[in-house]
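K.L.:
Provided herewith: protein20.cif, mmCIF, C-alpha atoms.
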data_final
#
loop_
_atom_site.label_atom_id
_atom_site.label_comp_id
_atom_site.auth_asym_id
_atom_site.auth_seq_id
_atom_site.Cartn_x
_atom_site.Cartn_y
_atom_site.Cartn_z
CA MET A 1 0.00 0.00 0.00
CA SER A 2 1.41 3.36 -0.99
CA ARG A 3 1.91 5.87 1.74
CA PRO A 4 0.09 9.16 1.43
CA PRO A 5 2.34 12.09 0.52
CA ASN A 6 3.63 14.19 3.34
CA PRO A 7 1.52 17.28 3.81
CA ALA A 8 3.16 20.55 2.82
CA PRO A 9 4.61 22.38 5.78
CA SER A 10 2.27 25.02 7.03
CA PRO A 11 3.59 28.52 6.62
CA GLY A 12 4.82 30.04 9.83
CA PRO A 13 3.88 33.41 11.14
CA PRO A 14 4.89 36.29 8.87
CA GLN A 15 8.35 37.51 9.66
CA ALA A 16 9.01 41.13 10.37
CA PRO A 17 10.87 42.88 7.59
CA VAL A 18 14.58 42.99 8.12
CA THR A 19 16.02 46.44 7.90
CA ALA A 20 19.54 47.53 7.13
CA ARG A 21 21.82 48.27 10.03
CA PRO A 22 24.36 50.82 8.85
CA GLY A 23 27.11 51.45 11.36
CA TRP A 24 29.80 53.97 12.17
CA VAL A 25 32.15 52.78 9.42
CA LEU A 26 29.66 53.56 6.66
CA ALA A 27 28.79 56.87 8.33
CA LEU A 28 32.49 57.77 8.46
CA ALA A 29 32.89 56.83 4.80
CA THR A 30 29.94 59.06 3.90
CA VAL A 31 31.30 62.06 5.78
CA LEU A 32 34.90 61.66 4.60
CA GLY A 33 33.76 61.06 1.03
CA ALA A 34 31.75 64.29 1.05
CA MET A 35 34.60 66.30 2.57
CA VAL A 36 37.16 64.92 0.13
CA ALA A 37 34.90 65.51 -2.86
CA MET A 38 34.14 69.09 -1.82
CA GLY A 39 37.81 69.75 -1.09
CA ALA A 40 38.85 68.45 -4.50
CA VAL A 41 36.27 70.57 -6.34
CA ALA A 42 37.18 73.66 -4.31
CA ALA A 43 40.92 73.13 -4.82
CA LEU A 44 40.60 72.71 -8.58
CA GLY A 45 38.32 75.72 -8.86
CA LEU A 46 40.57 77.96 -6.77
CA TRP A 47 43.61 76.75 -8.68
CA ALA A 48 41.91 77.65 -11.97
CA ALA A 49 41.08 81.06 -10.47
CA GLY A 50 44.76 81.67 -9.63
CA ALA A 51 44.55 81.21 -5.86
CA ALA A 52 47.48 78.78 -5.89
CA ASP A 53 49.80 81.82 -6.02
CA LEU A 54 48.62 83.17 -2.65
CA PRO A 55 51.50 84.05 -0.30
CA ASP A 56 52.49 82.27 2.90
CA THR A 57 51.31 78.87 1.59
CA ALA A 58 47.75 80.00 2.26
CA PHE A 59 46.19 77.95 -0.55
CA PRO A 60 45.25 74.89 1.58
CA ARG A 61 43.60 77.08 4.21
CA VAL A 62 41.65 78.97 1.55
CA VAL A 63 40.44 75.62 0.20
CA VAL A 64 39.29 74.62 3.69
CA ALA A 65 37.55 77.98 4.13
CA THR A 66 35.75 77.45 0.81
CA VAL A 67 34.47 74.07 1.98
CA VAL A 68 33.30 75.63 5.25
CA THR A 69 31.32 78.35 3.47
CA ALA A 70 29.89 75.78 1.04
CA VAL A 71 28.04 74.01 3.86
CA GLY A 72 26.77 77.19 5.47
CA GLY A 73 29.73 77.88 7.74
CA SER A 74 30.26 81.35 9.13
CA MET A 75 33.42 83.20 8.01
CA GLU A 76 34.74 86.35 9.67
CA LEU A 77 37.17 88.78 8.05
CA SER A 78 39.50 90.87 10.16
CA GLY A 79 42.05 93.57 9.45
CA ASP A 80 44.91 95.41 11.10
CA ALA A 81 46.78 98.35 9.62
CA GLY A 82 48.80 99.72 12.51
CA VAL A 83 48.19 102.67 14.80
CA LEU A 84 47.28 105.26 12.17
CA ALA A 85 45.27 103.05 9.85
CA GLU A 86 42.44 100.57 9.95
CA THR A 87 40.84 98.04 7.67
CA HIS A 88 37.29 96.78 7.42
CA ALA A 89 36.05 93.75 5.53
CA GLY A 90 33.21 91.24 5.35
CA VAL A 91 32.06 88.42 3.08
CA THR A 92 28.93 86.31 2.68
CA VAL A 93 28.89 83.86 -0.22
CA MET A 94 28.26 80.17 -0.88
CA PRO A 95 30.20 78.46 -3.70
CA LEU A 96 27.28 76.36 -4.82
CA SER A 97 29.29 74.01 -7.06
CA VAL A 98 31.08 72.81 -3.94
CA THR A 99 27.80 72.77 -2.04
CA LEU A 100 26.08 70.67 -4.69
CA THR A 101 28.96 68.19 -4.75
CA GLY A 102 28.76 67.68 -1.00
CA ALA A 103 24.97 67.35 -1.08
CA LEU A 104 25.08 64.66 -3.78
CA VAL A 105 27.73 62.61 -1.97
CA VAL A 106 26.04 62.89 1.44
CA GLY A 107 22.63 62.08 -0.03
CA ALA A 108 23.96 59.02 -1.87
CA GLY A 109 25.77 57.76 1.20
CA PHE A 110 22.71 58.27 3.39
CA LEU A 111 20.35 56.48 1.00
CA ARG A 112 22.62 53.56 0.13
CA PRO A 113 21.88 51.40 3.18
CA CYS A 114 18.28 52.61 3.37
CA GLY A 115 17.53 51.48 -0.17
CA ARG A 116 18.26 47.84 0.63
CA ARG A 117 14.94 47.46 2.47
CA THR A 118 11.44 48.78 1.88
CA VAL A 119 10.68 49.48 5.54
CA ALA A 120 12.67 51.37 8.14
CA GLY A 121 11.65 52.07 11.67
CA ALA A 122 11.67 55.63 12.88
CA ARG A 123 14.19 54.86 15.63
CA GLN A 124 16.65 53.11 13.32
CA LEU A 125 16.40 55.82 10.69
CA ALA A 126 17.01 58.46 13.35
CA TRP A 127 20.06 56.61 14.67
CA TRP A 128 21.52 56.32 11.18
CA ALA A 129 21.07 60.06 10.59
CA ALA A 130 22.46 60.81 14.06
CA ARG A 131 25.65 58.87 13.35
CA ILE A 132 26.26 60.92 10.23
CA ALA A 133 25.43 64.14 12.11
CA VAL A 134 27.89 63.41 14.93
CA LEU A 135 30.77 62.73 12.54
CA TRP A 136 29.74 65.71 10.42
CA ALA A 137 29.93 67.98 13.46
CA VAL A 138 33.41 66.66 14.31
CA ALA A 139 34.56 67.30 10.75
CA LEU A 140 33.12 70.83 10.82
CA ILE A 141 34.95 71.64 14.05
CA ALA A 142 38.24 70.44 12.55
CA LEU A 143 37.71 72.46 9.38
CA ALA A 144 36.66 75.56 11.33
CA PHE A 145 39.91 75.60 13.31
CA ALA A 146 41.97 74.98 10.16
CA ALA A 147 40.35 77.76 8.10
CA ARG A 148 42.37 80.69 9.45
CA GLN A 149 44.86 82.86 7.59
CA THR A 150 46.24 86.41 7.50
CA PHE A 151 47.53 88.23 4.40
CA ALA A 152 49.63 91.38 4.10
CA VAL A 153 48.27 94.13 1.85
CA ASP A 154 50.86 95.66 -0.47
CA LEU A 155 50.52 99.46 -0.54
CA GLY A 156 52.74 99.74 -3.61
CA ASP A 157 55.64 102.08 -4.35
CA GLY A 158 53.66 105.29 -4.74
CA VAL A 159 52.70 108.03 -2.30
CA LEU A 160 50.44 105.67 -0.34
CA GLY A 161 53.31 103.23 0.13
CA ALA A 162 55.62 106.02 1.27
CA ILE A 163 53.06 107.27 3.81
CA GLY A 164 52.57 103.73 5.07
CA SER A 165 56.31 103.25 5.51
CA LEU A 166 56.69 106.60 7.24
CA PHE A 167 54.02 105.91 9.84
CA GLY A 168 54.59 102.17 10.11
CA ALA A 169 51.19 101.23 8.71
CA GLU A 170 51.33 97.65 7.47
CA PRO A 171 47.79 96.65 6.49
CA GLU A 172 46.79 93.04 6.97
CA VAL A 173 43.55 91.27 6.27
CA GLY A 174 42.67 87.78 7.35
CA PHE A 175 39.84 85.36 7.74
CA THR A 176 38.74 83.07 10.51
CA THR A 177 35.64 81.08 11.39
CA ASP A 178 33.01 81.32 14.06
CA VAL A 179 33.13 77.72 15.30
CA PRO A 180 29.71 77.56 17.05
CA LEU A 181 27.89 79.19 14.13
CA THR A 182 29.75 77.01 11.64
CA VAL A 183 28.69 73.84 13.45
CA ALA A 184 25.10 75.06 13.85
CA PHE A 185 24.65 76.11 10.22
CA GLY A 186 26.56 73.06 8.99
CA LEU A 187 24.24 70.71 10.88
CA LEU A 188 21.23 72.64 9.59
CA TRP A 189 22.59 72.21 6.06
CA LEU A 190 23.05 68.49 6.67
CA ALA A 191 19.50 68.13 7.99
CA GLY A 192 18.16 69.82 4.86
CA VAL A 193 20.16 67.52 2.57
CA LEU A 194 19.00 64.37 4.37
CA ALA A 195 15.38 65.55 4.36
CA ILE A 196 15.46 66.30 0.63
CA ALA A 197 17.08 62.92 -0.03
CA LEU A 198 14.32 61.10 1.82
CA LEU A 199 11.60 63.11 0.11
CA ALA A 200 12.92 62.91 -3.44
CA ALA A 201 14.31 59.36 -3.68
CA ARG A 202 11.81 56.76 -4.89
CA GLY A 203 13.25 53.76 -3.03
CA ALA A 204 14.05 55.53 0.23
CA PRO A 205 12.27 53.89 3.17
CA VAL A 206 10.45 55.94 5.76
CA PRO A 207 8.56 55.06 8.94
CA VAL A 208 5.01 53.83 8.38
CA ARG A 209 3.42 56.93 9.86
CA LEU A 210 5.26 59.13 7.35
CA ARG A 211 4.49 57.10 4.23
CA ARG A 212 1.31 58.92 3.24
CA PRO A 213 2.69 62.49 3.67
CA ARG A 214 5.84 61.51 1.82
CA ALA A 215 3.87 59.95 -1.02
CA SER A 216 2.15 63.28 -1.63
CA VAL A 217 5.36 65.31 -1.46
CA ARG A 218 7.83 63.02 -3.23
CA PRO A 219 6.71 63.62 -6.87
CA VAL A 220 7.11 67.40 -6.75
CA ALA A 221 10.27 67.16 -4.60
CA TYR A 222 11.80 64.80 -7.14
CA ALA A 223 10.72 67.08 -10.00
CA MET A 224 12.38 70.12 -8.35
CA VAL A 225 15.63 68.22 -7.81
CA VAL A 226 15.62 67.14 -11.45
CA LEU A 227 14.85 70.73 -12.50
CA LEU A 228 17.79 72.18 -10.58
CA LEU A 229 20.20 69.50 -11.80
CA THR A 230 19.01 69.99 -15.39
CA TYR A 231 19.85 73.68 -15.19
CA VAL A 232 23.33 72.78 -13.95
CA VAL A 233 23.85 70.33 -16.82
CA VAL A 234 22.65 72.87 -19.38
CA GLY A 235 24.93 75.51 -17.87
CA LEU A 236 27.86 73.09 -17.95
CA VAL A 237 27.32 72.38 -21.64
CA VAL A 238 27.07 76.10 -22.44
CA ALA A 239 30.21 76.85 -20.41
CA LEU A 240 32.25 74.13 -22.13
CA VAL A 241 31.10 75.23 -25.59
CA THR A 242 31.93 78.84 -24.73
CA ALA A 243 35.39 77.86 -23.49
CA ALA A 244 36.05 75.90 -26.69
CA VAL A 245 34.87 78.69 -28.98
CA ARG A 246 36.00 81.84 -27.18
CA GLY A 247 38.85 80.65 -25.00
CA HIS A 248 39.35 81.77 -21.37
CA ALA A 249 39.49 78.12 -20.29
CA ALA A 250 40.89 78.85 -16.82
CA ARG A 251 38.19 81.38 -16.02
CA THR A 252 35.48 79.05 -17.33
CA PHE A 253 36.68 76.12 -15.24
CA ALA A 254 36.89 78.35 -12.18
CA LEU A 255 33.25 79.28 -12.74
CA VAL A 256 32.17 75.67 -13.29
CA LEU A 257 33.99 74.32 -10.24
CA LEU A 258 33.06 77.12 -7.84
CA GLY A 259 29.88 78.90 -8.85
CA LEU A 260 28.07 77.34 -11.82
CA PRO A 261 24.83 76.76 -9.82
CA ASN A 262 25.08 80.35 -8.55
CA LEU A 263 24.86 81.51 -12.14
CA VAL A 264 22.37 79.09 -13.70
CA TRP A 265 19.93 79.19 -10.78
CA LEU A 266 20.15 82.99 -10.89
CA ALA A 267 19.20 82.70 -14.57
CA LEU A 268 16.25 80.51 -13.60
CA THR A 269 14.83 83.21 -11.33
CA ILE A 270 15.50 85.97 -13.84
CA GLY A 271 13.69 83.95 -16.51
CA LEU A 272 10.68 83.87 -14.19
CA GLY A 273 10.77 87.68 -14.11
CA ALA A 274 12.50 88.12 -10.74
CA THR A 275 14.66 91.15 -10.00
CA TRP A 276 18.03 91.19 -8.23
CA LYS A 277 20.02 94.14 -6.96
CA GLY A 278 23.79 94.10 -7.37
CA ARG A 279 27.02 96.03 -7.69
CA VAL A 280 30.64 95.29 -8.50
CA ASP A 281 33.20 97.92 -7.58
CA GLY A 282 36.94 97.84 -7.07
CA PRO A 283 39.17 94.77 -7.35
CA PHE A 284 36.33 92.33 -6.89
CA GLY A 285 35.19 90.48 -9.96
CA LEU A 286 32.81 87.71 -10.82
CA PRO A 287 33.89 84.81 -13.06
CA VAL A 288 30.67 85.24 -15.03
CA PRO A 289 29.75 86.24 -18.58
CA HIS A 290 30.78 89.74 -19.58
CA LEU A 291 27.12 90.75 -19.77
CA LEU A 292 26.56 90.41 -16.02
CA ASP A 293 29.79 92.17 -15.16
CA GLU A 294 28.86 95.02 -17.49
CA VAL A 295 25.44 95.46 -15.90
CA LEU A 296 26.69 95.23 -12.30
CA ARG A 297 29.84 97.36 -12.57
CA THR A 298 28.19 100.76 -12.09
CA PRO A 299 28.64 103.62 -9.60
CA ASP A 300 25.36 102.80 -7.86
CA VAL A 301 23.48 99.62 -7.06
CA SER A 302 22.17 98.15 -10.32
CA THR A 303 18.93 96.40 -11.15
CA LEU A 304 19.36 92.95 -12.65
CA ASN A 305 16.36 91.58 -14.51
CA LEU A 306 15.21 90.70 -18.01
CA GLY A 307 14.74 94.34 -18.98
CA THR A 308 18.16 95.62 -17.91
CA LEU A 309 19.94 92.60 -19.38
CA ALA A 310 18.03 92.92 -22.66
CA GLU A 311 19.34 96.47 -23.03
CA HIS A 312 22.79 94.94 -23.52
CA ASP A 313 21.88 91.65 -25.19
CA HIS A 314 18.38 90.83 -26.43
CA ARG A 315 19.14 87.08 -26.38
CA VAL A 316 18.39 86.99 -22.64
CA TRP A 317 14.70 86.72 -23.54
CA TRP A 318 15.43 83.10 -24.37
CA LEU A 319 15.60 82.55 -20.59
CA VAL A 320 11.81 82.82 -20.52
CA THR A 321 11.48 80.08 -23.12
CA VAL A 322 13.96 77.84 -21.33
CA ASP A 323 12.12 78.32 -18.04
CA ALA A 324 8.76 77.57 -19.64
CA VAL A 325 9.98 74.36 -21.30
CA LEU A 326 11.80 72.99 -18.27
CA LEU A 327 9.06 73.91 -15.81
CA LEU A 328 6.43 72.24 -17.99
CA ALA A 329 8.62 69.14 -18.15
CA ALA A 330 9.03 69.19 -14.37
CA ALA A 331 5.28 69.59 -13.89
CA PHE A 332 4.60 66.69 -16.25
CA LEU A 333 7.12 64.54 -14.37
CA ALA A 334 5.54 65.39 -11.01
CA ALA A 335 2.02 64.71 -12.27
CA ALA A 336 3.01 61.41 -13.88
CA ARG A 337 4.46 60.20 -10.58
CA SER A 338 1.55 61.44 -8.46
CA PRO A 339 -1.50 59.37 -7.49
CA ALA A 340 -4.15 59.20 -10.20
CA ARG A 341 -6.86 60.48 -7.86
CA LEU A 342 -5.40 64.01 -7.73
CA ARG A 343 -7.34 66.74 -9.51
CA LEU A 344 -5.83 69.27 -11.85
CA TRP A 345 -6.00 72.11 -9.34
CA GLU A 346 -4.21 69.93 -6.78
CA HIS A 347 -1.35 69.34 -9.22
CA ALA A 348 -1.16 73.08 -9.88
CA LEU A 349 -1.17 73.94 -6.18
CA ARG A 350 1.55 71.42 -5.35
CA MET A 351 3.71 72.63 -8.21
CA ALA A 352 3.28 76.23 -7.04
CA VAL A 353 4.30 75.42 -3.46
CA ALA A 354 7.29 73.38 -4.62
CA LEU A 355 8.51 76.10 -6.99
CA VAL A 356 8.09 78.80 -4.33
CA LEU A 357 10.22 76.80 -1.90
CA THR A 358 12.81 76.15 -4.62
CA VAL A 359 13.08 79.83 -5.53
CA LEU A 360 13.28 80.71 -1.83
CA LEU A 361 16.23 78.33 -1.48
CA ILE A 362 17.92 79.88 -4.51
CA CYS A 363 17.41 83.41 -3.21
CA LEU A 364 18.80 82.58 0.23
CA SER A 365 21.82 80.63 -1.00
CA GLY A 366 22.59 82.90 -3.98
CA ARG A 367 23.02 86.12 -1.99
CA ILE A 368 26.52 87.62 -2.17
CA SER A 369 27.97 90.37 -0.02
CA ALA A 370 31.65 91.23 0.13
CA HIS A 371 33.51 94.44 0.89
CA TYR A 372 36.99 95.56 1.83
CA GLY A 373 38.33 99.01 2.66
CA LEU A 374 41.43 100.72 4.02
CA SER A 375 41.50 104.02 5.92
CA LEU A 376 44.82 105.85 6.46
CA LEU A 377 45.23 109.04 8.53
CA GLY A 378 41.45 109.41 8.72
CA ILE A 379 41.00 109.25 4.94
CA GLY A 380 38.41 106.62 4.12
CA ASP A 381 38.93 104.04 1.40
CA VAL A 382 42.17 105.39 0.03
CA GLY A 383 43.82 103.73 -2.91
CA GLY A 384 41.75 102.60 -5.86
CA GLY A 385 42.96 99.00 -5.60
CA LEU A 386 42.57 98.75 -1.83
CA SER A 387 38.79 98.98 -1.50
CA GLY A 388 35.85 97.42 -3.21
CA GLU A 389 32.36 96.06 -2.91
CA LEU A 390 30.54 93.07 -4.35
CA LEU A 391 26.79 92.84 -3.81
CA LEU A 392 24.02 90.61 -5.13
CA ARG A 393 20.66 90.20 -3.43
CA PRO A 394 17.11 89.42 -4.65
CA ARG A 395 13.81 91.18 -4.30
CA LEU A 396 12.50 88.25 -2.38
CA TRP A 397 8.74 88.75 -2.25
CA GLY A 398 8.48 89.60 -5.92
CA ALA A 399 10.46 86.48 -6.83
CA LEU A 400 8.28 84.26 -4.65
CA GLY A 401 5.07 85.73 -6.07
CA LEU A 402 6.23 85.10 -9.64
CA ALA A 403 7.27 81.57 -8.69
CA ALA A 404 3.78 80.90 -7.33
CA LEU A 405 2.19 82.17 -10.55
CA TRP A 406 4.51 80.15 -12.78
CA GLY A 407 3.96 77.09 -10.61
CA LEU A 408 0.17 77.30 -10.88
CA VAL A 409 0.19 77.72 -14.66
CA THR A 410 2.85 75.11 -15.46
CA GLY A 411 1.44 72.71 -12.88
CA LEU A 412 -1.96 72.85 -14.55
CA LEU A 413 -0.62 72.61 -18.12
CA GLY A 414 1.87 69.88 -17.25
CA ALA A 415 -0.77 67.72 -15.57
CA LEU A 416 -3.01 67.65 -18.66
CA PRO A 417 -0.69 65.57 -20.90
CA ALA A 418 0.28 63.43 -17.90
CA ARG A 419 -3.38 62.52 -17.44
CA VAL A 420 -3.73 61.65 -21.14
CA VAL A 421 -0.62 59.47 -21.07
CA ARG A 422 -1.84 57.69 -17.94
CA ARG A 423 -5.21 56.91 -19.58
CA ARG A 424 -3.51 55.49 -22.65
CA HIS A 425 -1.26 53.28 -20.52
CA ARG A 426 -4.31 52.07 -18.60
CA ALA A 427 -6.14 51.26 -21.85
CA VAL A 428 -3.12 49.35 -23.15
CA ARG A 429 -2.86 47.31 -19.94
CA GLU A 430 -6.60 46.48 -20.01
CA ALA A 431 -6.41 45.43 -23.65
CA ALA A 432 -3.40 43.22 -22.95
CA GLY A 433 -5.20 41.66 -19.97
CA GLY A 434 -8.29 40.95 -22.07
CA ARG A 435 -6.25 39.16 -24.71
#
Can the structure from this file be put into structure tokens for me?

P.N.:
Amino acid sequence: MSRPPNPAPSPGPPQAPVTARPGWVLALATVLGAMVAMGAVAALGLWAAGAADLPDTAFPRVVVATVVTAVGGSMELSGDAGVLAETHAGVTVMPLSVTLTGALVVGAGFLRPCGRRTVAGARQLAWWAARIAVLWAVALIALAFAARQTFAVDLGDGVLGAIGSLFGAEPEVGFTTDVPLTVAFGLLWLAGVLAIALLAARGAPVPVRLRRPRASVRPVAYAMVVLLLTYVVVGLVVALVTAAVRGHAARTFALVLLGLPNLVWLALTIGLGATWKGRVDGPFGLPVPHLLDEVLRTPDVSTLNLGTLAEHDHRVWWLVTVDAVLLLAAAFLAAARSPARLRLWEHALRMAVALVLTVLLICLSGRISAHYGLSLLGIGDVGGGLSGELLLRPRLWGALGLAALWGLVTGLLGALPARVVRRRHRAVREAAGGR
């Protein structure tokens, strides 16, 4: 008699999902990788800009200072010109090429272990972020203490130099860092990068309670990240073509490696109709197209918008077309990735909010303020090459209002073809299922 077959083993209780357990080694690799990448980009950009010739072997410290400012660190300029003279200086600027490099490396390192599982508990995710934050703070403290240097200001061989020698005035200007503010702003920068990475990445796990809010935010967050990176890529192509056709390779590479996002994201806001105020005076200069330098180098504060730029080159009106095309593409991308139940006005509203926040980020990070002056024997700002001012700031509320308007219009228009494409895909799937 044949024996009955053994019954199939009954399935056990469902096992809890296993989550990744990233440790200190991976956190250290993430932090060191970001610092090394930012340092390399900053060093190459400063070298292309001619900073390698700085006296007193100051180049490494200037590179470190550039990395510190790229992550929101606070730099302080100081001066000393002897008993009968005084100097005054200040600088606020973020080299966004270096910033973007660090953000991409940190974001990739943070998401790498998270992407191996589809579920992550809130406590584990917080511990993983905390490990990176602790090591990031340690690295910021080390960089803040290393970013200190003093330079001597050459008065020349003329009358000013003779007066300086007579009265023993030896002007010096230097930079240092505010360590507490550097750590605070650096950690705030890190928190923003990690939050954007979690919101924008498709496979990034989040705690269960945050899944629904993230699902509604992720499509537009991803679209804005793609939009900003697309502008950088387009700017890179234009810069390389310009360098090949017109020369000035060193200046072009300095721009690309230090401030390309500063320029292309400024162009994004100007294409929306935003207005910036700016001025370039004295020895300061911007490694930017001649058009911007021509508009900004005026006796008074200049207005920078489509109208003032078009007075010098009518081709700037193409910025409006570029903005319209890329924003419509971003809106289509966001709508295609959003839940099908959303209405057209909801797509438009989400696009408007996302674009307003993006323009706000550009306006806050793209501000530039730098000045230096020397006073001798009570005479303010003597010497044409010893004083200067560099200024660039937006009209914030006008820029945000225009961003909201553009977001509503492009969000609505971009969602229409996305809805048509989704219906066609659904019809194709139903027809395939019927067959």

K.L.:
Can you pull out the residues contacting A:Leu402? Cut-off 9 Å, using all atoms listed in the file, and skip same-chain residues under 6 positions away; I want them as a PyMOL selection string.

P.N.:
chain A and resi 269+272-274+356

K.L.:
Once the PyMOL selection byres ((chain A and resi 44) around 12) has been applied to the shown file, what residues remain in the selection, as number ranges by chain?

P.N.:
A: 37-43, 45-52, 59-60, 62-63, 66, 97-98, 250-258

K.L.:
With the file shown as input, list the residues that the PyMOL selection byres ((chain A and resi 223) around 12) selects, as a PDB file with C-alpha atoms, keeping the file's coordinate frame.

P.N.:
ATOM      1  CA  ILE A 196      15.460  66.300   0.630  1.00  0.00           C
ATOM      2  CA  LEU A 199      11.600  63.110   0.110  1.00  0.00           C
ATOM      3  CA  ALA A 200      12.920  62.910  -3.440  1.00  0.00           C
ATOM      4  CA  ALA A 201      14.310  59.360  -3.680  1.00  0.00           C
ATOM      5  CA  ARG A 202      11.810  56.760  -4.890  1.00  0.00           C
ATOM      6  CA  VAL A 217       5.360  65.310  -1.460  1.00  0.00           C
ATOM      7  CA  ARG A 218       7.830  63.020  -3.230  1.00  0.00           C
ATOM      8  CA  PRO A 219       6.710  63.620  -6.870  1.00  0.00           C
ATOM      9  CA  VAL A 220       7.110  67.400  -6.750  1.00  0.00           C
ATOM     10  CA  ALA A 221      10.270  67.160  -4.600  1.00  0.00           C
ATOM     11  CA  TYR A 222      11.800  64.800  -7.140  1.00  0.00           C
ATOM     12  CA  MET A 224      12.380  70.120  -8.350  1.00  0.00           C
ATOM     13  CA  VAL A 225      15.630  68.220  -7.810  1.00  0.00           C
ATOM     14  CA  VAL A 226      15.620  67.140 -11.450  1.00  0.00           C
ATOM     15  CA  LEU A 227      14.850  70.730 -12.500  1.00  0.00           C
ATOM     16  CA  LEU A 228      17.790  72.180 -10.580  1.00  0.00           C
ATOM     17  CA  LEU A 229      20.200  69.500 -11.800  1.00  0.00           C
ATOM     18  CA  THR A 230      19.010  69.990 -15.390  1.00  0.00           C
ATOM     19  CA  LEU A 326      11.800  72.990 -18.270  1.00  0.00           C
ATOM     20  CA  LEU A 327       9.060  73.910 -15.810  1.00  0.00           C
ATOM     21  CA  LEU A 328       6.430  72.240 -17.990  1.00  0.00           C
ATOM     22  CA  ALA A 329       8.620  69.140 -18.150  1.00  0.00           C
ATOM     23  CA  ALA A 330       9.030  69.190 -14.370  1.00  0.00           C
ATOM     24  CA  ALA A 331       5.280  69.590 -13.890  1.00  0.00           C
ATOM     25  CA  PHE A 332       4.600  66.690 -16.250  1.00  0.00           C
ATOM     26  CA  LEU A 333       7.120  64.540 -14.370  1.00  0.00           C
ATOM     27  CA  ALA A 334       5.540  65.390 -11.010  1.00  0.00           C
ATOM     28  CA  ALA A 335       2.020  64.710 -12.270  1.00  0.00           C
ATOM     29  CA  ALA A 336       3.010  61.410 -13.880  1.00  0.00           C
ATOM     30  CA  ARG A 337       4.460  60.200 -10.580  1.00  0.00           C
ATOM     31  CA  SER A 338       1.550  61.440  -8.460  1.00  0.00           C
ATOM     32  CA  ARG A 350       1.550  71.420  -5.350  1.00  0.00           C
ATOM     33  CA  MET A 351       3.710  72.630  -8.210  1.00  0.00           C
ATOM     34  CA  ALA A 354       7.290  73.380  -4.620  1.00  0.00           C
ATOM     35  CA  LEU A 355       8.510  76.100  -6.990  1.00  0.00           C
ATOM     36  CA  THR A 358      12.810  76.150  -4.620  1.00  0.00           C
ATOM     37  CA  GLY A 411       1.440  72.710 -12.880  1.00  0.00           C
ATOM     38  CA  GLY A 414       1.870  69.880 -17.250  1.00  0.00           C
TER      39      GLY A 414
END

K.L.:
As an exercise, work out the distance from atom CA of A:Gly186 to atom CA of A:Leu396 in Å and give it to one decimal place.

P.N.:
23.6 Å

K.L.:
On this file, the PyMOL selection byres ((chain A and resi 360) around 12) gives some set of residues; write that set as a PyMOL selection string.

P.N.:
chain A and resi 265-266+269+274+353-359+361-367+394-404

K.L.:
Take the selection from the previous step and output its residues with C-alpha atoms, as a PDB file, keeping the file's coordinate frame.

P.N.:
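Okay, again.pdb is ready:
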ATOM      1  CA  TRP A 265      19.930  79.190 -10.780  1.00  0.00           C
ATOM      2  CA  LEU A 266      20.150  82.990 -10.890  1.00  0.00           C
ATOM      3  CA  THR A 269      14.830  83.210 -11.330  1.00  0.00           C
ATOM      4  CA  ALA A 274      12.500  88.120 -10.740  1.00  0.00           C
ATOM      5  CA  VAL A 353       4.300  75.420  -3.460  1.00  0.00           C
ATOM      6  CA  ALA A 354       7.290  73.380  -4.620  1.00  0.00           C
ATOM      7  CA  LEU A 355       8.510  76.100  -6.990  1.00  0.00           C
ATOM      8  CA  VAL A 356       8.090  78.800  -4.330  1.00  0.00           C
ATOM      9  CA  LEU A 357      10.220  76.800  -1.900  1.00  0.00           C
ATOM     10  CA  THR A 358      12.810  76.150  -4.620  1.00  0.00           C
ATOM     11  CA  VAL A 359      13.080  79.830  -5.530  1.00  0.00           C
ATOM     12  CA  LEU A 361      16.230  78.330  -1.480  1.00  0.00           C
ATOM     13  CA  ILE A 362      17.920  79.880  -4.510  1.00  0.00           C
ATOM     14  CA  CYS A 363      17.410  83.410  -3.210  1.00  0.00           C
ATOM     15  CA  LEU A 364      18.800  82.580   0.230  1.00  0.00           C
ATOM     16  CA  SER A 365      21.820  80.630  -1.000  1.00  0.00           C
ATOM     17  CA  GLY A 366      22.590  82.900  -3.980  1.00  0.00           C
ATOM     18  CA  ARG A 367      23.020  86.120  -1.990  1.00  0.00           C
ATOM     19  CA  PRO A 394      17.110  89.420  -4.650  1.00  0.00           C
ATOM     20  CA  ARG A 395      13.810  91.180  -4.300  1.00  0.00           C
ATOM     21  CA  LEU A 396      12.500  88.250  -2.380  1.00  0.00           C
ATOM     22  CA  TRP A 397       8.740  88.750  -2.250  1.00  0.00           C
ATOM     23  CA  GLY A 398       8.480  89.600  -5.920  1.00  0.00           C
ATOM     24  CA  ALA A 399      10.460  86.480  -6.830  1.00  0.00           C
ATOM     25  CA  LEU A 400       8.280  84.260  -4.650  1.00  0.00           C
ATOM     26  CA  GLY A 401       5.070  85.730  -6.070  1.00  0.00           C
ATOM     27  CA  LEU A 402       6.230  85.100  -9.640  1.00  0.00           C
ATOM     28  CA  ALA A 403       7.270  81.570  -8.690  1.00  0.00           C
ATOM     29  CA  ALA A 404       3.780  80.900  -7.330  1.00  0.00           C
TER      30      ALA A 404
END
